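Raw entry-v5.cif, mmCIF, C-alpha atoms and all ligand atoms:
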data_structure
loop_
_atom_site.label_atom_id
_atom_site.label_comp_id
_atom_site.auth_asym_id
_atom_site.auth_seq_id
_atom_site.Cartn_x
_atom_site.Cartn_y
_atom_site.Cartn_z
CA MET L 1 28.51 5.41 -15.65
CA SER L 2 26.30 4.61 -18.61
CA ARG L 3 22.98 2.93 -18.05
CA ARG L 4 22.75 -0.79 -18.63
CA VAL L 5 19.65 -2.53 -19.97
CA LEU L 6 19.12 -6.28 -19.88
CA ILE L 7 16.94 -8.10 -22.39
CA ALA L 8 15.99 -11.23 -20.44
CA THR L 9 13.77 -13.56 -22.42
CA ASP L 10 13.35 -17.23 -21.74
CA LYS L 11 11.48 -17.30 -25.07
CA PRO L 12 13.74 -15.23 -27.37
CA PHE L 13 12.49 -12.40 -29.58
CA ALA L 14 12.87 -12.81 -33.34
CA LYS L 15 16.30 -11.56 -34.41
CA VAL L 16 14.79 -8.64 -36.35
CA ALA L 17 13.16 -7.41 -33.13
CA ARG L 18 16.17 -8.04 -30.89
CA ASP L 19 18.48 -6.11 -33.22
CA GLN L 20 16.17 -3.11 -33.40
CA ILE L 21 15.60 -3.10 -29.63
CA ALA L 22 19.37 -3.00 -29.13
CA ASP L 23 19.71 -0.20 -31.71
CA ILE L 24 17.20 2.02 -29.88
CA LEU L 25 18.90 1.47 -26.53
CA LYS L 26 22.42 1.96 -27.89
CA ALA L 27 21.37 5.15 -29.70
CA ALA L 28 20.37 6.50 -26.29
CA GLY L 29 23.87 5.70 -25.03
CA TYR L 30 22.92 2.62 -23.00
CA GLU L 31 24.82 -0.65 -22.75
CA VAL L 32 22.77 -3.68 -23.74
CA ALA L 33 23.05 -7.10 -22.12
CA LEU L 34 21.29 -10.18 -23.43
CA LEU L 35 20.08 -13.28 -21.61
CA GLU L 36 18.07 -15.57 -23.87
CA GLY L 37 16.68 -19.06 -23.50
CA TYR L 38 18.12 -19.45 -20.01
CA THR L 39 17.44 -22.69 -18.20
CA GLU L 40 18.25 -21.83 -14.57
CA LYS L 41 16.92 -19.02 -12.41
CA ALA L 42 20.49 -18.52 -11.17
CA GLN L 43 21.39 -17.22 -14.65
CA LEU L 44 18.68 -14.57 -14.38
CA LEU L 45 19.71 -13.65 -10.83
CA ALA L 46 23.30 -13.14 -11.98
CA ALA L 47 22.32 -11.18 -15.09
CA VAL L 48 20.13 -8.66 -13.24
CA SER L 49 22.74 -7.71 -10.64
CA ASP L 50 24.11 -4.64 -12.44
CA VAL L 51 21.30 -3.40 -14.71
CA ASP L 52 19.22 -0.20 -14.51
CA ALA L 53 16.34 -1.52 -16.58
CA MET L 54 15.21 -4.74 -18.15
CA ILE L 55 12.93 -5.96 -20.90
CA ILE L 56 11.18 -9.26 -20.26
CA ARG L 57 8.35 -11.35 -21.69
CA SER L 58 6.64 -14.05 -19.60
CA ASP L 59 9.79 -14.30 -17.48
CA LYS L 60 9.02 -14.52 -13.77
CA ILE L 61 10.18 -11.45 -11.89
CA ASP L 62 9.62 -12.33 -8.25
CA ARG L 63 10.96 -10.87 -5.01
CA GLU L 64 14.21 -12.82 -5.30
CA VAL L 65 14.91 -11.36 -8.75
CA ILE L 66 14.01 -7.85 -7.58
CA ASP L 67 16.29 -8.23 -4.56
CA ALA L 68 19.16 -9.43 -6.75
CA ALA L 69 18.75 -6.43 -9.08
CA LYS L 70 20.53 -3.88 -6.92
CA ARG L 71 20.51 -1.04 -9.47
CA LEU L 72 17.15 -1.72 -11.12
CA SER L 73 14.75 1.21 -11.68
CA LEU L 74 12.43 -0.14 -14.35
CA VAL L 75 11.24 -3.49 -15.69
CA VAL L 76 9.20 -3.48 -18.88
CA ARG L 77 7.12 -6.48 -19.82
CA ALA L 78 7.12 -6.51 -23.65
CA GLY L 79 3.53 -7.65 -23.86
CA ALA L 80 0.18 -7.20 -22.20
CA GLY L 81 -0.15 -9.45 -19.15
CA TYR L 82 2.10 -8.60 -16.21
CA ASP L 83 1.00 -11.28 -13.76
CA ASN L 84 4.57 -12.62 -13.98
CA ILE L 85 5.92 -9.54 -12.16
CA ASP L 86 5.60 -9.18 -8.39
CA GLY L 87 4.52 -5.54 -8.59
CA ALA L 88 4.40 -5.07 -4.81
CA ALA L 89 7.92 -6.44 -4.33
CA ALA L 90 9.10 -4.11 -7.10
CA ARG L 91 7.33 -1.12 -5.54
CA ALA L 92 8.87 -1.90 -2.15
CA LYS L 93 12.30 -1.49 -3.78
CA ASN L 94 11.16 1.59 -5.74
CA VAL L 95 11.24 -0.34 -9.02
CA ASP L 96 8.65 0.68 -11.61
CA ALA L 97 7.01 -1.97 -13.78
CA MET L 98 5.43 -1.28 -17.17
CA ASN L 99 3.72 -3.27 -19.91
CA THR L 100 3.20 -2.49 -23.61
CA PRO L 101 -0.56 -2.98 -24.03
CA GLY L 102 -2.00 -3.78 -27.44
CA GLN L 103 1.32 -4.29 -29.19
CA ASN L 104 0.94 -8.02 -29.72
CA ALA L 105 -2.86 -8.13 -29.91
CA ASN L 106 -3.12 -8.89 -33.64
CA ALA L 107 -0.74 -11.86 -33.39
CA VAL L 108 -2.86 -13.44 -30.67
CA ALA L 109 -6.09 -12.71 -32.54
CA GLU L 110 -4.78 -14.36 -35.71
CA LEU L 111 -3.78 -17.46 -33.76
CA VAL L 112 -7.32 -17.67 -32.35
CA PHE L 113 -8.67 -17.97 -35.89
CA GLY L 114 -5.98 -20.46 -36.87
CA MET L 115 -7.04 -22.64 -33.96
CA MET L 116 -10.75 -22.12 -34.67
CA VAL L 117 -10.44 -23.30 -38.25
CA TYR L 118 -8.27 -26.23 -37.12
CA MET L 119 -10.90 -27.33 -34.59
CA ALA L 120 -13.82 -26.71 -36.99
CA ARG L 121 -12.08 -28.99 -39.52
CA ASN L 122 -11.59 -31.81 -37.00
CA LYS L 123 -7.89 -31.12 -36.56
CA PHE L 124 -7.40 -31.58 -40.32
CA ASN L 125 -8.16 -35.31 -40.16
CA GLY L 126 -9.83 -35.29 -43.57
CA LYS L 127 -13.39 -35.89 -42.34
CA PRO L 128 -16.08 -33.28 -43.09
CA GLY L 129 -15.86 -30.45 -40.62
CA THR L 130 -17.79 -27.20 -40.31
CA GLU L 131 -17.31 -23.59 -41.37
CA LEU L 132 -17.01 -20.51 -39.22
CA ARG L 133 -19.40 -18.45 -41.34
CA GLY L 134 -22.76 -18.09 -39.62
CA LYS L 135 -21.47 -19.45 -36.30
CA SER L 136 -21.56 -17.44 -33.11
CA LEU L 137 -18.42 -16.22 -31.38
CA GLY L 138 -18.34 -15.06 -27.78
CA ILE L 139 -15.47 -12.82 -26.77
CA HIS L 140 -14.87 -13.13 -23.05
CA ALA L 141 -13.10 -9.88 -22.07
CA TYR L 142 -13.02 -7.03 -24.52
CA GLY L 143 -9.54 -5.53 -24.29
CA ALA L 144 -7.06 -5.01 -27.11
CA VAL L 145 -6.99 -8.70 -28.10
CA GLY L 146 -10.76 -9.05 -27.84
CA ARG L 147 -11.18 -6.08 -30.17
CA ALA L 148 -8.70 -7.48 -32.69
CA VAL L 149 -10.60 -10.79 -32.62
CA ALA L 150 -13.90 -8.97 -33.23
CA GLU L 151 -12.47 -7.21 -36.26
CA ILE L 152 -11.26 -10.44 -37.90
CA ALA L 153 -14.50 -12.29 -37.01
CA ARG L 154 -16.48 -9.90 -39.19
CA GLY L 155 -14.52 -11.08 -42.24
CA PHE L 156 -15.40 -14.68 -41.38
CA GLY L 157 -19.11 -13.78 -41.27
CA MET L 158 -19.55 -14.80 -37.64
CA THR L 159 -22.14 -13.42 -35.23
CA VAL L 160 -20.05 -11.78 -32.55
CA ARG L 161 -20.97 -11.06 -28.93
CA ALA L 162 -18.82 -9.92 -26.05
CA PHE L 163 -18.91 -9.91 -22.28
CA ASP L 164 -16.66 -7.76 -20.16
CA PRO L 165 -17.68 -6.54 -16.70
CA TYR L 166 -15.21 -3.65 -16.98
CA VAL L 167 -16.29 -2.34 -20.41
CA ASP L 168 -19.66 -0.63 -20.88
CA GLY L 169 -22.17 -1.85 -23.44
CA ALA L 170 -21.90 1.30 -25.54
CA THR L 171 -18.16 0.75 -26.09
CA ILE L 172 -18.78 -2.83 -27.16
CA ARG L 173 -21.63 -1.76 -29.44
CA ALA L 174 -19.37 0.89 -30.98
CA GLY L 175 -17.17 -1.99 -32.17
CA GLY L 176 -20.20 -3.28 -34.09
CA ILE L 177 -20.80 -6.24 -31.79
CA GLU L 178 -23.47 -7.19 -29.31
CA PRO L 179 -22.74 -6.87 -25.61
CA VAL L 180 -24.34 -9.53 -23.42
CA ALA L 181 -25.43 -8.86 -19.87
CA THR L 182 -24.08 -11.94 -18.15
CA VAL L 183 -21.19 -14.32 -18.61
CA GLU L 184 -23.65 -17.24 -18.63
CA GLU L 185 -25.49 -15.72 -21.59
CA LEU L 186 -22.22 -15.46 -23.50
CA TYR L 187 -21.49 -19.17 -23.11
CA ARG L 188 -25.11 -20.17 -23.78
CA ARG L 189 -25.20 -18.27 -27.07
CA SER L 190 -21.70 -18.99 -28.46
CA ASP L 191 -20.53 -21.86 -30.65
CA TYR L 192 -17.02 -20.60 -29.91
CA VAL L 193 -15.87 -18.72 -26.81
CA THR L 194 -12.46 -17.08 -26.82
CA LEU L 195 -10.81 -15.91 -23.59
CA HIS L 196 -8.91 -12.62 -23.40
CA MET L 197 -8.84 -11.62 -19.76
CA PRO L 198 -5.75 -11.15 -17.58
CA ALA L 199 -5.00 -13.54 -14.71
CA THR L 200 -6.26 -11.71 -11.63
CA LYS L 201 -7.79 -12.65 -8.27
CA GLU L 202 -11.22 -12.43 -9.91
CA THR L 203 -10.46 -14.40 -13.06
CA LYS L 204 -8.24 -17.20 -11.74
CA GLY L 205 -10.10 -20.52 -11.84
CA SER L 206 -13.24 -18.75 -13.06
CA ILE L 207 -13.84 -20.83 -16.20
CA GLY L 208 -15.19 -24.21 -15.22
CA GLN L 209 -17.78 -26.89 -15.74
CA LYS L 210 -20.85 -24.68 -15.17
CA LEU L 211 -19.96 -22.23 -17.92
CA LEU L 212 -18.61 -24.80 -20.37
CA THR L 213 -21.64 -27.03 -20.22
CA LEU L 214 -23.89 -24.08 -21.06
CA MET L 215 -22.36 -24.01 -24.55
CA PRO L 216 -24.33 -25.29 -27.54
CA LYS L 217 -23.59 -28.63 -29.20
CA ARG L 218 -20.00 -28.83 -30.48
CA GLY L 219 -19.10 -25.79 -28.39
CA THR L 220 -15.41 -24.90 -28.49
CA LEU L 221 -13.46 -22.97 -25.89
CA LEU L 222 -10.29 -21.20 -27.01
CA ASN L 223 -7.78 -20.10 -24.41
CA THR L 224 -4.94 -17.84 -25.47
CA ALA L 225 -5.23 -15.80 -22.26
CA ARG L 226 -3.72 -17.51 -19.23
CA LYS L 227 -3.63 -21.07 -17.93
CA GLU L 228 -4.72 -19.90 -14.48
CA VAL L 229 -8.15 -18.66 -15.58
CA ILE L 230 -9.23 -22.25 -16.25
CA ASN L 231 -10.32 -24.54 -13.46
CA GLU L 232 -8.59 -27.55 -14.99
CA ALA L 233 -10.31 -30.20 -12.84
CA GLU L 234 -13.67 -28.82 -13.97
CA LEU L 235 -12.54 -28.53 -17.58
CA LEU L 236 -11.89 -32.28 -17.49
CA LYS L 237 -15.28 -32.90 -15.89
CA ALA L 238 -16.98 -30.84 -18.60
CA LEU L 239 -15.18 -32.77 -21.35
CA GLU L 240 -16.27 -36.00 -19.65
CA GLU L 241 -19.89 -34.87 -19.24
CA ARG L 242 -20.23 -33.57 -22.81
CA ALA L 243 -18.59 -35.68 -25.52
CA ASP L 244 -19.13 -32.89 -28.05
CA LEU L 245 -17.22 -30.10 -26.25
CA ARG L 246 -13.82 -29.06 -27.52
CA TYR L 247 -10.90 -27.07 -26.15
CA ALA L 248 -7.94 -25.41 -27.87
CA THR L 249 -5.15 -23.52 -26.15
CA ASP L 250 -1.64 -22.24 -26.68
CA ILE L 251 -0.88 -22.55 -22.98
CA GLU L 252 -0.07 -26.03 -21.82
CA PRO L 253 -2.15 -27.07 -18.79
CA GLU L 254 -0.65 -28.70 -15.68
CA ALA L 255 1.15 -31.98 -16.41
CA ALA L 256 -1.53 -34.09 -14.71
CA THR L 257 -4.23 -32.43 -16.81
CA VAL L 258 -2.22 -32.94 -20.00
CA ALA L 259 -1.91 -36.65 -19.18
CA VAL L 260 -5.69 -37.05 -18.82
CA ILE L 261 -6.33 -35.05 -21.99
CA LYS L 262 -3.92 -37.19 -23.98
CA GLU L 263 -5.48 -40.37 -22.66
CA LYS L 264 -9.16 -39.46 -22.96
CA PHE L 265 -9.79 -36.36 -25.03
CA ALA L 266 -7.01 -36.12 -27.60
CA ASP L 267 -9.46 -36.02 -30.51
CA ARG L 268 -11.18 -32.84 -29.30
CA VAL L 269 -8.47 -30.94 -27.47
CA TYR L 270 -5.58 -29.11 -29.08
CA MET L 271 -2.57 -27.69 -27.25
CA THR L 272 0.35 -26.00 -28.97
CA PRO L 273 3.73 -27.24 -27.70
CA LYS L 274 4.71 -23.75 -26.48
CA LYS L 275 2.88 -20.53 -25.65
CA MET L 276 2.93 -18.89 -29.04
CA GLY L 277 0.09 -16.38 -29.37
CA ALA L 278 2.46 -13.43 -29.44
CA GLN L 279 5.28 -15.28 -31.13
CA THR L 280 5.46 -13.51 -34.52
CA GLU L 281 8.17 -11.28 -35.89
CA GLU L 282 5.69 -8.43 -36.09
CA ALA L 283 4.49 -8.78 -32.50
CA ASN L 284 8.08 -9.13 -31.26
CA VAL L 285 8.98 -5.94 -33.11
CA ASN L 286 5.87 -4.05 -31.94
CA ALA L 287 6.15 -5.03 -28.27
CA GLY L 288 9.95 -5.09 -28.10
CA LEU L 289 10.47 -1.69 -29.69
CA ALA L 290 7.70 -0.17 -27.59
CA ALA L 291 9.49 -1.51 -24.50
CA ALA L 292 12.83 -0.05 -25.61
CA ARG L 293 11.23 3.34 -26.36
CA GLN L 294 9.47 3.35 -23.01
CA ILE L 295 12.80 2.78 -21.26
CA VAL L 296 14.41 5.68 -23.11
CA GLY L 297 11.38 7.91 -22.41
CA TYR L 298 11.50 6.96 -18.74
CA PHE L 299 15.16 7.81 -18.21
CA GLU L 300 15.46 10.76 -20.60
CA ARG L 301 12.06 12.45 -20.27
CA ASN L 302 10.68 11.05 -17.02
CA GLU L 303 7.77 9.44 -18.90
CA LYS L 304 5.70 7.33 -16.52
CA LYS L 305 2.85 6.22 -18.76
CA PHE L 306 2.22 2.45 -18.69
CA ILE L 307 3.43 1.99 -15.10
CA VAL L 308 1.37 -0.91 -13.75
CA ASN L 309 2.54 -0.94 -10.10
CA PRO L 310 1.92 2.67 -8.98
C1 LIG J 401 1.07 -11.20 -23.29
O1 LIG J 401 0.60 -11.14 -22.15
O2 LIG J 401 1.46 -10.19 -23.89
C2 LIG J 401 1.11 -12.53 -24.00
O3 LIG J 401 0.71 -13.55 -23.17
C3 LIG J 401 2.44 -12.82 -24.66
O4 LIG J 401 3.36 -13.51 -23.86
P1 LIG J 401 4.84 -13.85 -24.38
O5 LIG J 401 5.58 -12.57 -24.52
O6 LIG J 401 5.41 -14.75 -23.36
O7 LIG J 401 4.71 -14.53 -25.72
#
Represent the structure from my file as structure tokens, please.
Ligand code: 3PG
Amino acid sequence: MSRRVLIATDKPFAKVARDQIADILKAAGYEVALLEGYTEKAQLLAAVSDVDAMIIRSDKIDREVIDAAKRLSLVVRAGAGYDNIDGAAARAKNVDAMNTPGQNANAVAELVFGMMVYMARNKFNGKPGTELRGKSLGIHAYGAVGRAVAEIARGFGMTVRAFDPYVDGATIRAGGIEPVATVEELYRRSDYVTLHMPATKETKGSIGQKLLTLMPKRGTLLNTARKEVINEAELLKALEERADLRYATDIEPEAATVAVIKEKFADRVYMTPKKMGAQTEEANVNAGLAAARQIVGYFERNEKKFIVNP
């Protein structure tokens, strides 16, 4: 029986990526199934029942999905963050989970600058704004996206600093930017702070009022990482306490938070309608094709690199 691979994406890949993903899998002799833009979990549960591997994006792969996927060996998250996969539930059923780190980093980094310019120019309302040149940028977490941001920031003439408890100072310095010793120092010294950490036990709810109110006048926080890293109640308190603070994100906060933002802070908060940092044709191709190649490597050559639930 030939292997069957499901591409299950609530947020579909660009056609150019989807076609090439299918080509790679078919060339290896696999059948390809597609579930895009589904609205009910039941559709996902039905689609996974007879597949050996699947490619997903931010789609939630919980215990119920794993249990419904009777033949599943491998799930590949086409992207960086894999907090949407229950890795332990997968491991318990001998299912490997992988990600494709770095493949969509440039797309996210470019969006950060799009949002920074938009906020610096008062959401394009026609009133005099400010420029990025000469301003300070704090990169909170220096992984693949953080590095891509640092590279672009040089072209804008910004002073760039980074904080990452898991990356040593020498590595950060090698990227031509200044490491700072504490997270507080990063916020204190940055006109803009951009978040690029995964959602983990340590990071969830870690960005709140204390850090935000350390920022200089007109400080702007950019969140293209994860909704969960923000303490939303404290974000609102910080926006209340400091009428100059601003926030831009491509991840919609909780509905109650959105309601307060719309009522009180609409002029200095920007939220894209959908999570779109990685939503470019190029990033879809990079991450999607990497995922397809990893599946082929896994089945044909026993390649285990990028497993995230060992
Ligand atoms: C990632 O973790 O790679 C990004 O958040 C992209 O998520 P997406 O595939 O849902 O756009």
Task: For ligand LIG 401 (chain J), the nearest of the candidates L:Phe13, L:Tyr192, L:Tyr30, L:Phe306, counting all atoms listed in the file - done: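 Nearest to ligand LIG 401 (chain J): L:Phe13.
Going from CA of Leu44 (chain L) to CA of Gln103 (chain L) covers 25.0 Å.
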Open item on the list: Just checking: using only C-alpha atoms and all ligand atoms, which residue out of L:Val260, L:Leu211, L:Ala28, L:Met276 ends up closest to ligand LIG 401 (chain J)?
Closed with: L:Met276
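CA of Gly102 (chain L) to CA of Gly79 (chain L) spans 7.6 Å [interatomic distance, one decimal].
Among the candidate residues L:Ala78, L:Ala291, L:Leu245, L:Ala8, the one lying nearest to ligand LIG 401 (chain J) is L:Ala78, with distances computed using all atoms listed in the file.
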Task: Long-range neighbours of Asn99 (chain L) as a list of chain:residue names, 10 Å cut-off, all atoms listed in the file, 5 positions minimum in chain - done: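 Returned residues: L:Ile55, L:Ile56, L:Arg57, L:Val75, L:Val76, L:Arg77, L:Ala78, L:Gly79, L:Ala80, L:Gly81, L:Tyr82, L:Ala287, L:Ala290, L:Ala291, L:Gln294, L:Lys305, L:Phe306, L:Ile307, L:Val308.
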Task: Gap from CA of Lys204 (chain L) to CA of Ala181 (chain L) - Å, one decimal - done: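 Answer for the CA of Lys204 (chain L) to CA of Ala181 (chain L) separation: 20.8 Å.
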Report as AutoDock Vina command-line options the centre and the edge lengths, in Å to one decimal, of the axis-aligned box holding every listed atom of region 295-302 of chain L, padded by 6 Å on each side.
--center_x 13.1 --center_y 7.6 --center_z -20.1 --size_x 16.8 --size_y 21.7 --size_z 18.1
Open item on the list: Taking all atoms listed in the file into account, which residues have an atom no farther than 10 Å from ligand LIG 401 (chain J)? I'd like them as a ChimeraX atom specification.
Closed with: /L:9-13,56-59,77-84,99-105,107-108,145,196-199,224-226,250-251,274-280,283-284,287-288
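Counting all atoms listed in the file, the residue from L:Lys201, L:Arg147, L:Ser73, L:Gly138 that sits nearest to Leu186 (chain L) is L:Gly138.
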TODO: Could you check which of L:Glu240, L:Glu282, L:Glu110, L:Glu232 is closest to Val258 (chain L), using all atoms listed in the file?
DONE: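 That would be L:Glu232, the residue with the smallest distance to Val258 (chain L).
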TODO: Please provide the set of residues having any atom within 9 Å of Val167 (chain L), restricted to all atoms listed in the file, with same-chain residues fewer than 3 positions apart removed, written as a list in words.
DONE: Ala141, Tyr142, Gly143, Phe163, Asp164, Ala170, Thr171 and Ile172 of chain L
- [ ] Using all atoms listed in the file, find the one residue out of L:Asn223, L:Ser49, L:Asn106, L:Thr159 that sits nearest to Glu281 (chain L).
- [x] L:Asn106
- [ ] May I have the residues within 7 Å of Val160 (chain L) as a list of chain:residue names, using only C-alpha atoms and disregarding those fewer than 5 positions away in the same chain?
- [x]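 After dropping sequence-adjacent residues, the list is L:Ser136, L:Leu137, L:Gly138, L:Ala150, L:Ile177, L:Glu178.
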TODO: With a distance cut-off of 10 Å and all atoms listed in the file, select the neighbouring residues of Thr257 (chain L), excluding the residue or stretch itself and same-chain residues fewer than 5 positions from it, and output the selection as a ChimeraX atom specification.
DONE: /L:232-233,235-236,252,262-263
Task: Selection near Leu132 (chain L), 12 Å with all atoms listed in the file, sequence-local residues under 6 positions removed, as a ChimeraX atom specification - done: /L:113-121,152-160,190-192,220
